[in-house]
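Notes to accompany the following structure.
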Amino acid sequence: MAKGHRSQIKRERNANKDTRPSAKLSFARVSVTKACFVLDAIRGKDVETALGILEYNPRYASSLIKKLLESAIANAENNNGMSRDNLYIAECYANKGPTMKRIQPRAQGRAYRIEKRTCHITLILDEK
């Protein structure tokens with residue numbers, strides 16, 4: 001059990017909070033595997049290079065991640081007062097979301113299950 005008053009425990013928990021600018025997209029209609037192909041291409045790059053990569057990447061996930069990156073950049077500029085020139089992608093990952101189950105009718109009365117997967121994509125920026 002934790003010691004101390006509830007407000008003291010909350011104060012300690014909030015002191016350990018990550019202050020880096022970030023953006024999160026929940027329930028994106030793309031599988032984790034497909035999102036990770038795009039995320040691996042931009043991890044560790046500065047934001048201008050990453051935007052260029054995402055602009056010309058033919059995958060569907062790149063359009064979602066580009067929009068998310070622009071949101072994270074806006075958060076960094078407005079909320080944290082950081083300069084766009086010094087930002088780079090510190091962390092980016094995709095976690096599994098809920099799967100929608102659908103039925104596809106097949107021959108002889110059978111039914112095949114179609115799984116429409118979703119994911120939660122997170123981008124965390126930092127200054128050089």
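By order in the structure tokens, chains are A, B, ...; within a chain, residues start at 1; ligands start at 1, following the order shown.
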Practice problem: List the neighbours of Ile89 of chain A out to 12 Å using only C-alpha atoms; skip same-chain residues closer than 3 positions along the sequence, and give me the result as a ChimeraX atom specification. | Solution: /A:20-23,39-51,68-70,72-73,76,84,86,92-93,122-128
Requested write-out: N, CA and C atoms of the selected residues, as an mmCIF file, in the first residue's frame:
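Result file out-v1.cif:
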```cif
data_model
loop_
_atom_site.group_PDB
_atom_site.id
_atom_site.type_symbol
_atom_site.label_atom_id
_atom_site.label_comp_id
_atom_site.auth_asym_id
_atom_site.auth_seq_id
_atom_site.Cartn_x
_atom_site.Cartn_y
_atom_site.Cartn_z
ATOM 1 N N ARG A 20 6.740 15.937 -22.524
ATOM 2 C CA ARG A 20 7.033 16.078 -23.952
ATOM 3 C C ARG A 20 5.733 16.187 -24.744
ATOM 4 N N PRO A 21 5.737 16.998 -25.827
ATOM 5 C CA PRO A 21 4.511 17.129 -26.626
ATOM 6 C C PRO A 21 4.198 15.827 -27.355
ATOM 7 N N SER A 22 2.919 15.504 -27.420
ATOM 8 C CA SER A 22 2.523 14.248 -28.061
ATOM 9 C C SER A 22 1.153 14.388 -28.691
ATOM 10 N N ALA A 23 0.793 13.383 -29.469
ATOM 11 C CA ALA A 23 -0.548 13.298 -30.060
ATOM 12 C C ALA A 23 -0.895 11.821 -30.166
ATOM 13 N N LEU A 39 5.571 3.787 -39.287
ATOM 14 C CA LEU A 39 6.203 4.355 -38.091
ATOM 15 C C LEU A 39 7.705 4.055 -38.045
ATOM 16 N N ASP A 40 8.082 2.865 -38.501
ATOM 17 C CA ASP A 40 9.509 2.515 -38.519
ATOM 18 C C ASP A 40 10.307 3.419 -39.456
ATOM 19 N N ALA A 41 9.655 3.904 -40.516
ATOM 20 C CA ALA A 41 10.341 4.752 -41.496
ATOM 21 C C ALA A 41 10.635 6.148 -40.946
ATOM 22 N N ILE A 42 9.841 6.627 -39.974
ATOM 23 C CA ILE A 42 10.003 8.007 -39.500
ATOM 24 C C ILE A 42 10.585 8.098 -38.094
ATOM 25 N N ARG A 43 10.738 6.984 -37.405
ATOM 26 C CA ARG A 43 11.219 7.012 -36.018
ATOM 27 C C ARG A 43 12.614 7.608 -35.933
ATOM 28 N N GLY A 44 12.788 8.617 -35.040
ATOM 29 C CA GLY A 44 14.092 9.245 -34.830
ATOM 30 C C GLY A 44 14.429 10.368 -35.789
ATOM 31 N N LYS A 45 13.606 10.604 -36.809
ATOM 32 C CA LYS A 45 13.871 11.655 -37.800
ATOM 33 C C LYS A 45 13.365 13.005 -37.279
ATOM 34 N N ASP A 46 13.905 14.090 -37.852
ATOM 35 C CA ASP A 46 13.356 15.401 -37.516
ATOM 36 C C ASP A 46 12.011 15.562 -38.240
ATOM 37 N N VAL A 47 11.188 16.497 -37.781
ATOM 38 C CA VAL A 47 9.797 16.561 -38.244
ATOM 39 C C VAL A 47 9.668 16.916 -39.721
ATOM 40 N N GLU A 48 10.560 17.764 -40.241
ATOM 41 C CA GLU A 48 10.469 18.137 -41.659
ATOM 42 C C GLU A 48 10.766 16.939 -42.559
ATOM 43 N N THR A 49 11.788 16.163 -42.201
ATOM 44 C CA THR A 49 12.112 14.953 -42.963
ATOM 45 C C THR A 49 10.971 13.954 -42.883
ATOM 46 N N ALA A 50 10.407 13.801 -41.686
ATOM 47 C CA ALA A 50 9.311 12.849 -41.486
ATOM 48 C C ALA A 50 8.081 13.243 -42.299
ATOM 49 N N LEU A 51 7.773 14.537 -42.354
ATOM 50 C CA LEU A 51 6.631 14.994 -43.156
ATOM 51 C C LEU A 51 6.863 14.714 -44.638
ATOM 52 N N LEU A 68 -1.546 13.150 -37.791
ATOM 53 C CA LEU A 68 -1.218 13.039 -36.368
ATOM 54 C C LEU A 68 0.073 13.795 -36.043
ATOM 55 N N LEU A 69 1.066 13.700 -36.931
ATOM 56 C CA LEU A 69 2.337 14.403 -36.724
ATOM 57 C C LEU A 69 2.137 15.914 -36.755
ATOM 58 N N GLU A 70 1.305 16.393 -37.679
ATOM 59 C CA GLU A 70 1.010 17.831 -37.737
ATOM 60 C C GLU A 70 0.323 18.299 -36.457
ATOM 61 N N ALA A 72 0.767 16.897 -33.457
ATOM 62 C CA ALA A 72 1.790 16.889 -32.412
ATOM 63 C C ALA A 72 2.695 18.120 -32.514
ATOM 64 N N ILE A 73 3.009 18.532 -33.746
ATOM 65 C CA ILE A 73 3.826 19.737 -33.955
ATOM 66 C C ILE A 73 3.088 20.977 -33.442
ATOM 67 N N ALA A 76 3.232 21.080 -29.728
ATOM 68 C CA ALA A 76 4.544 21.501 -29.249
ATOM 69 C C ALA A 76 4.702 23.016 -29.336
ATOM 70 N N ARG A 84 9.679 24.684 -34.155
ATOM 71 C CA ARG A 84 9.462 23.579 -35.100
ATOM 72 C C ARG A 84 10.784 23.045 -35.664
ATOM 73 N N ASN A 86 13.625 22.574 -34.174
ATOM 74 C CA ASN A 86 14.401 21.733 -33.263
ATOM 75 C C ASN A 86 13.710 20.419 -32.904
ATOM 76 N N CYS A 92 7.443 6.668 -31.304
ATOM 77 C CA CYS A 92 6.216 6.456 -32.059
ATOM 78 C C CYS A 92 5.912 4.967 -32.040
ATOM 79 N N TYR A 93 4.689 4.644 -31.691
ATOM 80 C CA TYR A 93 4.309 3.238 -31.613
ATOM 81 C C TYR A 93 2.817 3.087 -31.858
ATOM 82 N N THR A 122 0.473 6.432 -31.306
ATOM 83 C CA THR A 122 0.977 7.498 -30.439
ATOM 84 C C THR A 122 2.286 8.041 -31.002
ATOM 85 N N LEU A 123 2.393 9.371 -31.048
ATOM 86 C CA LEU A 123 3.617 10.069 -31.481
ATOM 87 C C LEU A 123 4.073 10.976 -30.345
ATOM 88 N N ILE A 124 5.345 10.887 -29.968
ATOM 89 C CA ILE A 124 5.902 11.755 -28.935
ATOM 90 C C ILE A 124 7.098 12.476 -29.541
ATOM 91 N N LEU A 125 7.087 13.805 -29.458
ATOM 92 C CA LEU A 125 8.164 14.626 -30.005
ATOM 93 C C LEU A 125 9.088 15.090 -28.886
ATOM 94 N N ASP A 126 10.265 15.550 -29.263
ATOM 95 C CA ASP A 126 11.203 16.108 -28.301
ATOM 96 C C ASP A 126 12.107 17.091 -29.022
ATOM 97 N N GLU A 127 12.780 17.962 -28.249
ATOM 98 C CA GLU A 127 13.714 18.927 -28.841
ATOM 99 C C GLU A 127 15.127 18.364 -28.875
ATOM 100 N N LYS A 128 15.881 18.751 -29.906
ATOM 101 C CA LYS A 128 17.280 18.303 -30.020
ATOM 102 C C LYS A 128 18.131 19.026 -29.005
#
```
